[in-house]
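Working notes, beginning with the structure itself.
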Amino acid sequence: MLKSSGGIGAATMASRILGLVRDQSFAAFMGTHGVAAAFSYAFMVPNLFRRLLGEGALTAAFIPIFKAKERNEGETSMWQAANAVVSGLLIVAPVIVLYVMLIISLLLVGGGWDPDTILMFQLMRLMFPYMMLACLGAVFMGILNARGHFFIPALSPAILNVVLIASVWLLAPHFGQTVRTRVFGLALGVLVAGVAQALFQMPAMRAEGFRYRWISPWRDPTTREVVVKMIPSAVGVAAFQLNVMLTQSLAFGENKDIVAEFFYAVRLMELPQGVFGLSLATFLLPTLSALAVEKNFHQFRVHLRQGFSHLIFVNLLSAVLLFTLAEPIIRLLFERGKFDANSTSHVSFGLVCLAPGLISFSLVNILARAFYALNDIRTPMRISVFCLTVNLLFTAFFLFGVKLGAGALGVANSLSSFFNLGLLLFALRKKMKTLEMSECTAQLPRLAVAGLVAGLLAWTLRWLWQEHLGHATLSLKLGEVFVPMTAATVIYFALTWWMNIPSAHEMIGLISARVRR
């Protein structure tokens with residue numbers, strides 16, 4: 001599990017680092033005002049549809065069926081099912097794209113919008129076809145994951161980031177003299193990136209034996225089964241992304257700057273979530289699906305428990321570091337160009353409010369995939385609908401009542417994720433009679449102590465650095481982040497090793513073995 005997740009994590013780390021470079025380019029290019037808010041919201045909508053129809057609902061519904069076909073009916077039937085699903089996607093996705101683009105055009109014709117909202121609609125209309133391209137890439141990713149390939153699919157988002165970075169510096173300058181016109185070059189780069197992401201995975205697909213041929217999806221039983229399962233799954237897997245879109249819709253109406261501020265906070269929070277949380281969830285879906293097909297529920301519980309333990313161990317440290325070092329991290333990464341000190345203050349506050357929810361965000365991803373492996377799509381859907389409602393209520397309260405700005409969205413998302421985690425755990429325990437999690441829960445008090453000590457050390461060193469050295473130069477900014485971060489990480493691993501936390505011993509042992517080789 002650790003080796004496979006480590007491979008995915010290495011590819012995801014490369015992608016996330018490029019993503020940070022991309023976001024640094026965005027920050028210098030657009031800042032957090034006007035144009036940045038319009039682009040962030042416009043890009044979020046096709047990205048949400050990609051999660052709903054591609055990485056989320058479609059792959060979550062398709063991978064268990066794909067694995068069952070492979071084991072029970074052989075490779076010929078398996079590839080026929082894949083071709084039928086791809087054929088259905090090539091029909092449905094363009095229809096959705098055209099329909100949404102038509103609605104956006106009608107909204108623009110209606111008029112009465114302020115300039116930033118008009119720009120947002122124009123960018124959304126240009127970028128929305130990215131949804132179709134990204135969905136196709138996501139299906140290829142799911143097929144390769146089901147065949148045991150994790151590194152290449154996890155690396156494909158890096159292609160998106162490379163293209164977008166190039167678009168900021170090479171393409172956008174050809175679209176006029178102002179940021180409001182140059183941003184259309186960036187939007188065009190999104191479409192180019194969608195094409196590149198899909199093509200990047202084709203060599204690996206062909207090496208596995210995939211050859212596309214048209215199969216009518218209307219008569220294919222696999223396509224019908226996937227569609228039936230993916231409808232509720234669309235809400236279940238993409239709950240977090242749907243939360244972000246709905247809450248940012250409220251924020252866009254209250255104060256447009258909040259949208260871009262929260263965008264950067266989410267991007268920082270998604271770094272550890274993607275590198276380990278989503279990597280682990282990506283490995284677990286085909287693995288748990290195969291165990292469910294074999295009815296090997298003992299190993300199902302073992303894998304789930306180990307996944308929980310490893311994820312809590314890693315992401316507890318990540319959450320502590322993001323919480324205590326939010327401001328110096330944001331200052332180091334983004335404070336330049338149009339991204340000023342005021343932007344740093346607002347974005348770091350949003351990150352502080354998001355960080356406590358990091359563990360629950362990641363655990364929800366794993367639990368959702370456990371349900372999908374058991375062919376239960378409806379339970380996560382019902383829980384997600386409830387938590388979406390809770391999240392909207394929290395957002396409205398903290399945004400309009402308490403006036404927390406970007407922090408309102410962070411607090412609301414963190415609280416709703418705690419509800420989501422608790423309800424999913426309750427439902428899965430009821431479904432499987434027992435989860436055998438006592439070994440995992442027994443180590444939580446020791447982990448909490450280690451996390452608290454690491455957090456206090458990081459906060460103290462950061463305060464001392466700021467008081468005596470400041471952050472006037474790049475080297476001082478680097479020290480303000482990495483000196484406390486390194487010290488806190490070392491003390492966390494040392495304490496958890498001393499406390500006999502199994503995940504600490506396994507990860508340190510794996511790293512030591514790799515270094516010796």
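We name chains A, B, ... following the order of the structure tokens; residues begin at 1 in each chain, and ligands are numbered from 1 as shown.
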- Message: Taking 4 positions as the minimum chain separation for residues in the same chain, which residues sit within 12 Å of stretch 208-218 of chain A when counting only C-alpha atoms? Answer as a VMD selection string.
- Response: chain A and resid 75 to 92 140 143 to 149 201 to 204 222 to 227
Check which residues of stretch 459-517 of chain A sit at most 10 Å from stretch 430-447 of chain A using only C-alpha atoms, and return one row each with the closest pair of atoms and their distance in Å to one decimal, ordered by chain and rising number, as a tab-separated table.
```
residue	atom	partner	partner_atom	distance
A:Tyr492	CA	A:Leu447	CA	8.8
A:Leu495	CA	A:Leu447	CA	8.8
A:Thr496	CA	A:Leu447	CA	6.9
A:Met499	CA	A:Arg446	CA	7.0
A:Asn500	CA	A:Gln443	CA	9.0
A:Ile501	CA	A:Gln443	CA	6.7
A:Pro502	CA	A:Gln443	CA	8.9
```
Write the residues you've just listed into a file as a tab-separated table (two decimals), in the first residue's frame, and include N, CA, C and O atoms for each of them.
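Contents of out_31.tsv, as written:
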```
chain	number	residue	atom	x	y	z
A	492	TYR	N	8.15	15.43	15.39
A	492	TYR	CA	6.93	14.62	15.21
A	492	TYR	C	7.31	13.17	14.92
A	492	TYR	O	6.78	12.24	15.54
A	495	LEU	N	8.98	11.56	18.04
A	495	LEU	CA	8.01	11.22	19.10
A	495	LEU	C	7.15	10.02	18.71
A	495	LEU	O	6.91	9.13	19.53
A	496	THR	N	6.67	9.99	17.48
A	496	THR	CA	5.81	8.88	17.06
A	496	THR	C	6.59	7.57	16.97
A	496	THR	O	6.05	6.49	17.23
A	499	MET	N	6.90	6.51	20.54
A	499	MET	CA	5.60	6.05	21.04
A	499	MET	C	5.12	4.77	20.35
A	499	MET	O	3.99	4.32	20.59
A	500	ASN	N	5.94	4.21	19.45
A	500	ASN	CA	5.60	2.97	18.76
A	500	ASN	C	4.34	3.09	17.90
A	500	ASN	O	3.49	2.18	17.88
A	501	ILE	N	4.23	4.20	17.17
A	501	ILE	CA	3.14	4.33	16.19
A	501	ILE	C	3.53	3.50	14.97
A	501	ILE	O	4.57	3.74	14.35
A	502	PRO	N	2.73	2.49	14.58
A	502	PRO	CA	3.11	1.60	13.48
A	502	PRO	C	3.41	2.34	12.17
A	502	PRO	O	4.36	1.98	11.47
```
- Message: Env of A:Ala38: 7 Å cut, atoms = only C-alpha atoms, seq-sep filter 5 positions within chain, self excluded. Answer as a list in words.
- Response: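 Skipping anything fewer than 5 positions along the chain leaves Asp116, Thr117, Leu119 and Met120 of chain A.
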- Message: Quick one: residues within 9 Å of stretch 451-459 of chain A, only C-alpha atoms, excluding same-chain residues fewer than 5 positions away - as a list in words?
- Response: Leu316, Leu317, Val320, Leu321, Phe323, Thr324, Leu325, Arg446, Leu464, Val483, Pro484, Met485, Thr486, Ala487, Ala488, Thr489, Val490, Ile491 and Tyr492 of chain A
Can those selected residues be exported to a file as a PDB file, in the first residue's frame so that it contains N, CA, C and O atoms?
```pdb
ATOM      1  N   LEU A 316      -2.074  14.611   9.803  1.00  0.00           N
ATOM      2  CA  LEU A 316      -2.100  15.356  11.070  1.00  0.00           C
ATOM      3  C   LEU A 316      -0.928  16.331  11.106  1.00  0.00           C
ATOM      4  O   LEU A 316      -1.101  17.514  11.447  1.00  0.00           O
ATOM      5  N   LEU A 317       0.257  15.864  10.744  1.00  0.00           N
ATOM      6  CA  LEU A 317       1.423  16.750  10.690  1.00  0.00           C
ATOM      7  C   LEU A 317       1.210  17.863   9.664  1.00  0.00           C
ATOM      8  O   LEU A 317       1.518  19.032   9.937  1.00  0.00           O
ATOM      9  N   VAL A 320      -1.166  20.493  11.046  1.00  0.00           N
ATOM     10  CA  VAL A 320      -0.501  21.304  12.081  1.00  0.00           C
ATOM     11  C   VAL A 320       0.409  22.351  11.447  1.00  0.00           C
ATOM     12  O   VAL A 320       0.412  23.530  11.840  1.00  0.00           O
ATOM     13  N   LEU A 321       1.180  21.956  10.433  1.00  0.00           N
ATOM     14  CA  LEU A 321       2.105  22.888   9.779  1.00  0.00           C
ATOM     15  C   LEU A 321       1.358  23.967   9.005  1.00  0.00           C
ATOM     16  O   LEU A 321       1.753  25.139   9.025  1.00  0.00           O
ATOM     17  N   PHE A 323      -1.601  25.098   9.692  1.00  0.00           N
ATOM     18  CA  PHE A 323      -2.269  25.953  10.678  1.00  0.00           C
ATOM     19  C   PHE A 323      -1.291  26.943  11.301  1.00  0.00           C
ATOM     20  O   PHE A 323      -1.593  28.131  11.448  1.00  0.00           O
ATOM     21  N   THR A 324      -0.110  26.462  11.688  1.00  0.00           N
ATOM     22  CA  THR A 324       0.838  27.315  12.411  1.00  0.00           C
ATOM     23  C   THR A 324       1.683  28.193  11.494  1.00  0.00           C
ATOM     24  O   THR A 324       2.131  29.265  11.906  1.00  0.00           O
ATOM     25  N   LEU A 325       1.894  27.759  10.249  1.00  0.00           N
ATOM     26  CA  LEU A 325       2.799  28.488   9.345  1.00  0.00           C
ATOM     27  C   LEU A 325       2.073  29.052   8.129  1.00  0.00           C
ATOM     28  O   LEU A 325       2.705  29.342   7.106  1.00  0.00           O
ATOM     29  N   ARG A 446      -1.872   9.313  21.351  1.00  0.00           N
ATOM     30  CA  ARG A 446      -0.425   9.509  21.190  1.00  0.00           C
ATOM     31  C   ARG A 446      -0.125  10.425  20.007  1.00  0.00           C
ATOM     32  O   ARG A 446       0.764  11.283  20.071  1.00  0.00           O
ATOM     33  N   LEU A 464       9.795  33.512  16.992  1.00  0.00           N
ATOM     34  CA  LEU A 464      11.158  33.979  17.268  1.00  0.00           C
ATOM     35  C   LEU A 464      11.828  34.507  16.002  1.00  0.00           C
ATOM     36  O   LEU A 464      12.510  35.537  16.021  1.00  0.00           O
ATOM     37  N   VAL A 483      12.720  26.455   8.546  1.00  0.00           N
ATOM     38  CA  VAL A 483      13.338  26.147   9.841  1.00  0.00           C
ATOM     39  C   VAL A 483      12.289  25.598  10.815  1.00  0.00           C
ATOM     40  O   VAL A 483      12.474  24.507  11.387  1.00  0.00           O
ATOM     41  N   PRO A 484      11.153  26.294  11.049  1.00  0.00           N
ATOM     42  CA  PRO A 484      10.130  25.713  11.924  1.00  0.00           C
ATOM     43  C   PRO A 484       9.546  24.413  11.365  1.00  0.00           C
ATOM     44  O   PRO A 484       9.273  23.478  12.119  1.00  0.00           O
ATOM     45  N   MET A 485       9.357  24.352  10.035  1.00  0.00           N
ATOM     46  CA  MET A 485       8.757  23.163   9.431  1.00  0.00           C
ATOM     47  C   MET A 485       9.654  21.938   9.618  1.00  0.00           C
ATOM     48  O   MET A 485       9.177  20.851   9.986  1.00  0.00           O
ATOM     49  N   THR A 486      10.944  22.103   9.388  1.00  0.00           N
ATOM     50  CA  THR A 486      11.874  20.982   9.535  1.00  0.00           C
ATOM     51  C   THR A 486      11.966  20.532  10.991  1.00  0.00           C
ATOM     52  O   THR A 486      11.912  19.323  11.282  1.00  0.00           O
ATOM     53  N   ALA A 487      12.085  21.474  11.907  1.00  0.00           N
ATOM     54  CA  ALA A 487      12.184  21.128  13.330  1.00  0.00           C
ATOM     55  C   ALA A 487      10.929  20.402  13.805  1.00  0.00           C
ATOM     56  O   ALA A 487      11.006  19.392  14.525  1.00  0.00           O
ATOM     57  N   ALA A 488       9.754  20.903  13.400  1.00  0.00           N
ATOM     58  CA  ALA A 488       8.495  20.277  13.811  1.00  0.00           C
ATOM     59  C   ALA A 488       8.359  18.873  13.226  1.00  0.00           C
ATOM     60  O   ALA A 488       7.873  17.954  13.896  1.00  0.00           O
ATOM     61  N   THR A 489       8.781  18.695  11.982  1.00  0.00           N
ATOM     62  CA  THR A 489       8.696  17.378  11.346  1.00  0.00           C
ATOM     63  C   THR A 489       9.603  16.372  12.034  1.00  0.00           C
ATOM     64  O   THR A 489       9.210  15.227  12.290  1.00  0.00           O
ATOM     65  N   VAL A 490      10.821  16.786  12.348  1.00  0.00           N
ATOM     66  CA  VAL A 490      11.769  15.894  13.024  1.00  0.00           C
ATOM     67  C   VAL A 490      11.233  15.481  14.396  1.00  0.00           C
ATOM     68  O   VAL A 490      11.260  14.282  14.757  1.00  0.00           O
ATOM     69  N   ILE A 491      10.720  16.418  15.177  1.00  0.00           N
ATOM     70  CA  ILE A 491      10.223  16.085  16.514  1.00  0.00           C
ATOM     71  C   ILE A 491       8.976  15.208  16.422  1.00  0.00           C
ATOM     72  O   ILE A 491       8.773  14.300  17.242  1.00  0.00           O
ATOM     73  N   TYR A 492       8.149  15.427  15.394  1.00  0.00           N
ATOM     74  CA  TYR A 492       6.931  14.620  15.213  1.00  0.00           C
ATOM     75  C   TYR A 492       7.306  13.171  14.917  1.00  0.00           C
ATOM     76  O   TYR A 492       6.775  12.238  15.538  1.00  0.00           O
TER      77      TYR A 492
END
```
- Pick out the residues sitting within 9 Å of A:Asn391, and hand them over as a PyMOL selection string; count only C-alpha atoms, and ignore anything fewer than 5 positions along from it in its own chain. chain A and resi 243+247+386+396+409+412-417
Grab the residues selected above and save them as a PDB file, in the first residue's frame with all heavy atoms.
```
ATOM      1  N   ASN A 243     -19.285  21.722  -2.640  1.00  0.00           N
ATOM      2  CA  ASN A 243     -19.311  22.674  -1.527  1.00  0.00           C
ATOM      3  C   ASN A 243     -18.607  23.972  -1.908  1.00  0.00           C
ATOM      4  O   ASN A 243     -19.097  25.069  -1.651  1.00  0.00           O
ATOM      5  CB  ASN A 243     -18.590  22.075  -0.310  1.00  0.00           C
ATOM      6  CG  ASN A 243     -19.506  21.201   0.512  1.00  0.00           C
ATOM      7  OD1 ASN A 243     -20.710  21.251   0.363  1.00  0.00           O
ATOM      8  ND2 ASN A 243     -18.924  20.380   1.365  1.00  0.00           N
ATOM      9  N   THR A 247     -20.613  27.524  -2.064  1.00  0.00           N
ATOM     10  CA  THR A 247     -20.258  28.543  -1.076  1.00  0.00           C
ATOM     11  C   THR A 247     -19.587  29.745  -1.729  1.00  0.00           C
ATOM     12  O   THR A 247     -19.807  30.885  -1.318  1.00  0.00           O
ATOM     13  CB  THR A 247     -19.338  27.947   0.005  1.00  0.00           C
ATOM     14  OG1 THR A 247     -18.217  27.327  -0.623  1.00  0.00           O
ATOM     15  CG2 THR A 247     -20.069  26.916   0.836  1.00  0.00           C
ATOM     16  N   PHE A 386     -26.988  15.892   2.723  1.00  0.00           N
ATOM     17  CA  PHE A 386     -27.215  16.474   4.041  1.00  0.00           C
ATOM     18  C   PHE A 386     -26.080  17.425   4.417  1.00  0.00           C
ATOM     19  O   PHE A 386     -26.311  18.539   4.904  1.00  0.00           O
ATOM     20  CB  PHE A 386     -27.346  15.361   5.085  1.00  0.00           C
ATOM     21  CG  PHE A 386     -27.410  15.861   6.503  1.00  0.00           C
ATOM     22  CD1 PHE A 386     -28.565  16.437   7.004  1.00  0.00           C
ATOM     23  CD2 PHE A 386     -26.291  15.779   7.335  1.00  0.00           C
ATOM     24  CE1 PHE A 386     -28.619  16.908   8.306  1.00  0.00           C
ATOM     25  CE2 PHE A 386     -26.332  16.243   8.632  1.00  0.00           C
ATOM     26  CZ  PHE A 386     -27.503  16.805   9.119  1.00  0.00           C
ATOM     27  N   ALA A 396     -23.421  30.692   5.189  1.00  0.00           N
ATOM     28  CA  ALA A 396     -24.259  31.880   5.320  1.00  0.00           C
ATOM     29  C   ALA A 396     -24.074  32.543   6.676  1.00  0.00           C
ATOM     30  O   ALA A 396     -23.976  33.780   6.781  1.00  0.00           O
ATOM     31  CB  ALA A 396     -25.726  31.498   5.111  1.00  0.00           C
ATOM     32  N   LEU A 409     -15.665  30.587   4.573  1.00  0.00           N
ATOM     33  CA  LEU A 409     -15.735  29.408   3.724  1.00  0.00           C
ATOM     34  C   LEU A 409     -14.876  28.282   4.288  1.00  0.00           C
ATOM     35  O   LEU A 409     -15.252  27.104   4.216  1.00  0.00           O
ATOM     36  CB  LEU A 409     -15.299  29.756   2.294  1.00  0.00           C
ATOM     37  CG  LEU A 409     -16.347  30.416   1.392  1.00  0.00           C
ATOM     38  CD1 LEU A 409     -16.743  31.792   1.901  1.00  0.00           C
ATOM     39  CD2 LEU A 409     -15.821  30.529  -0.035  1.00  0.00           C
ATOM     40  N   ALA A 412     -16.704  26.799   7.434  1.00  0.00           N
ATOM     41  CA  ALA A 412     -17.889  26.050   7.004  1.00  0.00           C
ATOM     42  C   ALA A 412     -17.497  24.715   6.384  1.00  0.00           C
ATOM     43  O   ALA A 412     -18.095  23.670   6.684  1.00  0.00           O
ATOM     44  CB  ALA A 412     -18.700  26.885   6.016  1.00  0.00           C
ATOM     45  N   ASN A 413     -16.494  24.709   5.507  1.00  0.00           N
ATOM     46  CA  ASN A 413     -16.067  23.466   4.867  1.00  0.00           C
ATOM     47  C   ASN A 413     -15.469  22.496   5.881  1.00  0.00           C
ATOM     48  O   ASN A 413     -15.697  21.287   5.795  1.00  0.00           O
ATOM     49  CB  ASN A 413     -15.050  23.771   3.767  1.00  0.00           C
ATOM     50  CG  ASN A 413     -15.715  24.126   2.448  1.00  0.00           C
ATOM     51  OD1 ASN A 413     -16.062  23.261   1.671  1.00  0.00           O
ATOM     52  ND2 ASN A 413     -15.907  25.417   2.208  1.00  0.00           N
ATOM     53  N   SER A 414     -14.695  23.008   6.837  1.00  0.00           N
ATOM     54  CA  SER A 414     -14.112  22.130   7.850  1.00  0.00           C
ATOM     55  C   SER A 414     -15.191  21.490   8.717  1.00  0.00           C
ATOM     56  O   SER A 414     -15.179  20.276   8.958  1.00  0.00           O
ATOM     57  CB  SER A 414     -13.133  22.919   8.734  1.00  0.00           C
ATOM     58  OG  SER A 414     -12.013  23.347   7.994  1.00  0.00           O
ATOM     59  N   LEU A 415     -16.151  22.294   9.171  1.00  0.00           N
ATOM     60  CA  LEU A 415     -17.213  21.761  10.026  1.00  0.00           C
ATOM     61  C   LEU A 415     -18.067  20.737   9.285  1.00  0.00           C
ATOM     62  O   LEU A 415     -18.399  19.675   9.828  1.00  0.00           O
ATOM     63  CB  LEU A 415     -18.086  22.908  10.544  1.00  0.00           C
ATOM     64  CG  LEU A 415     -17.447  23.832  11.590  1.00  0.00           C
ATOM     65  CD1 LEU A 415     -18.371  24.994  11.918  1.00  0.00           C
ATOM     66  CD2 LEU A 415     -17.082  23.066  12.849  1.00  0.00           C
ATOM     67  N   SER A 416     -18.436  21.041   8.051  1.00  0.00           N
ATOM     68  CA  SER A 416     -19.280  20.105   7.299  1.00  0.00           C
ATOM     69  C   SER A 416     -18.526  18.813   6.996  1.00  0.00           C
ATOM     70  O   SER A 416     -19.130  17.735   6.931  1.00  0.00           O
ATOM     71  CB  SER A 416     -19.781  20.750   6.001  1.00  0.00           C
ATOM     72  OG  SER A 416     -18.718  21.051   5.128  1.00  0.00           O
ATOM     73  N   SER A 417     -17.196  18.887   6.818  1.00  0.00           N
ATOM     74  CA  SER A 417     -16.418  17.664   6.562  1.00  0.00           C
ATOM     75  C   SER A 417     -16.398  16.771   7.793  1.00  0.00           C
ATOM     76  O   SER A 417     -16.383  15.540   7.677  1.00  0.00           O
ATOM     77  CB  SER A 417     -14.998  18.017   6.123  1.00  0.00           C
ATOM     78  OG  SER A 417     -14.216  18.478   7.207  1.00  0.00           O
TER      79      SER A 417
END
```
- Item | alpha helix (DSSP H) positions in stretch 312-472 of chain A, given as number ranges by chain | A: 312-324, 326-334, 341-354, 358-373, 378-396, 406-432, 438-442, 444-468
- Quick one: distance from atom CA of A:Ser40 to atom CA of A:Val139 in Å, one decimal?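 We find that atom CA of A:Ser40 and atom CA of A:Val139 lie 24.8 Å from each other.
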- Task: Show which residues sit within 9 Å of stretch 100-115 of chain A, as a list in words. Count only C-alpha atoms, and ignore same-chain residues fewer than 4 positions away.
- Result: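 Using only C-alpha atoms, the neighbours found are Gly34, Val95, Ile96, Leu119, Met120, Phe121, Gln122, Met124, Arg125, Leu126, Phe128 and Pro129 of chain A.
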Okay, now the selection with N, CA and C atoms, as a compact mmCIF listing (two decimals), in the first residue's frame?
```txt
# COMPACT_ATOMS: atom_id res chain seq x y z
N GLY A 34 -10.90 41.46 -8.76
CA GLY A 34 -11.53 41.54 -10.06
C GLY A 34 -11.31 40.41 -11.02
N VAL A 95 -22.84 17.26 -25.74
CA VAL A 95 -24.21 17.80 -25.57
C VAL A 95 -24.26 18.70 -24.34
N ILE A 96 -23.65 18.26 -23.24
CA ILE A 96 -23.62 19.08 -22.03
C ILE A 96 -22.86 20.37 -22.27
N LEU A 119 -17.09 39.40 -17.46
CA LEU A 119 -15.82 38.73 -17.75
C LEU A 119 -15.86 37.28 -17.30
N MET A 120 -16.44 37.03 -16.14
CA MET A 120 -16.53 35.67 -15.61
C MET A 120 -17.33 34.78 -16.57
N PHE A 121 -18.48 35.26 -17.06
CA PHE A 121 -19.29 34.48 -18.00
C PHE A 121 -18.55 34.25 -19.33
N GLN A 122 -17.84 35.25 -19.81
CA GLN A 122 -17.11 35.11 -21.07
C GLN A 122 -16.00 34.06 -20.94
N MET A 124 -15.90 31.61 -18.71
CA MET A 124 -16.52 30.31 -18.49
C MET A 124 -16.96 29.69 -19.82
N ARG A 125 -17.53 30.50 -20.69
CA ARG A 125 -17.98 30.00 -21.99
C ARG A 125 -16.80 29.49 -22.82
N LEU A 126 -15.69 30.19 -22.76
CA LEU A 126 -14.50 29.78 -23.51
C LEU A 126 -13.88 28.51 -22.94
N PHE A 128 -15.33 26.12 -20.95
CA PHE A 128 -16.18 24.99 -20.57
C PHE A 128 -15.90 23.71 -21.38
N PRO A 129 -15.51 23.77 -22.66
CA PRO A 129 -15.17 22.52 -23.37
C PRO A 129 -14.05 21.72 -22.72
```
- Any idea what the distance is between atom CA of A:Val163 and atom CA of A:Tyr99?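 Between atom CA of A:Val163 and atom CA of A:Tyr99 the gap works out to 27.0 Å.
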List the neighbours of A:Phe184 out to 7 Å using only C-alpha atoms; skip same-chain residues closer than 4 positions along the sequence, and give me the result as a PDB file with N, CA and C atoms, in the first residue's frame.
```pdb
ATOM      1  N   LEU A 123     -15.274  34.088 -19.819  1.00  0.00           N
ATOM      2  CA  LEU A 123     -14.214  33.110 -19.596  1.00  0.00           C
ATOM      3  C   LEU A 123     -14.784  31.709 -19.410  1.00  0.00           C
ATOM      4  N   PHE A 175      -2.474  38.717 -26.096  1.00  0.00           N
ATOM      5  CA  PHE A 175      -3.911  39.012 -26.087  1.00  0.00           C
ATOM      6  C   PHE A 175      -4.200  40.433 -25.599  1.00  0.00           C
ATOM      7  N   LEU A 188      -7.600  30.125 -23.012  1.00  0.00           N
ATOM      8  CA  LEU A 188      -7.321  29.275 -24.169  1.00  0.00           C
ATOM      9  C   LEU A 188      -6.319  28.186 -23.802  1.00  0.00           C
TER      10      LEU A 188
END
```
- Query: Which residue out of A:His298, A:Arg16, A:Lys338, A:Arg429 has the minimum interatomic distance to A:Val35 when only C-alpha atoms are used?
  - Reply: A:Lys338
- Query: So which one's closest to A:Thr178, A:Phe394, A:Phe29, A:Leu155, A:Glu480? Using only C-alpha atoms, please.
  - Reply: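 Looking at the shortest contact to A:Thr178, the residue is A:Phe29.
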- How many Å separate atom CA of A:Met132 from atom CA of A:Ser15?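 Going from atom CA of A:Met132 over to atom CA of A:Ser15, I get 21.0 Å.
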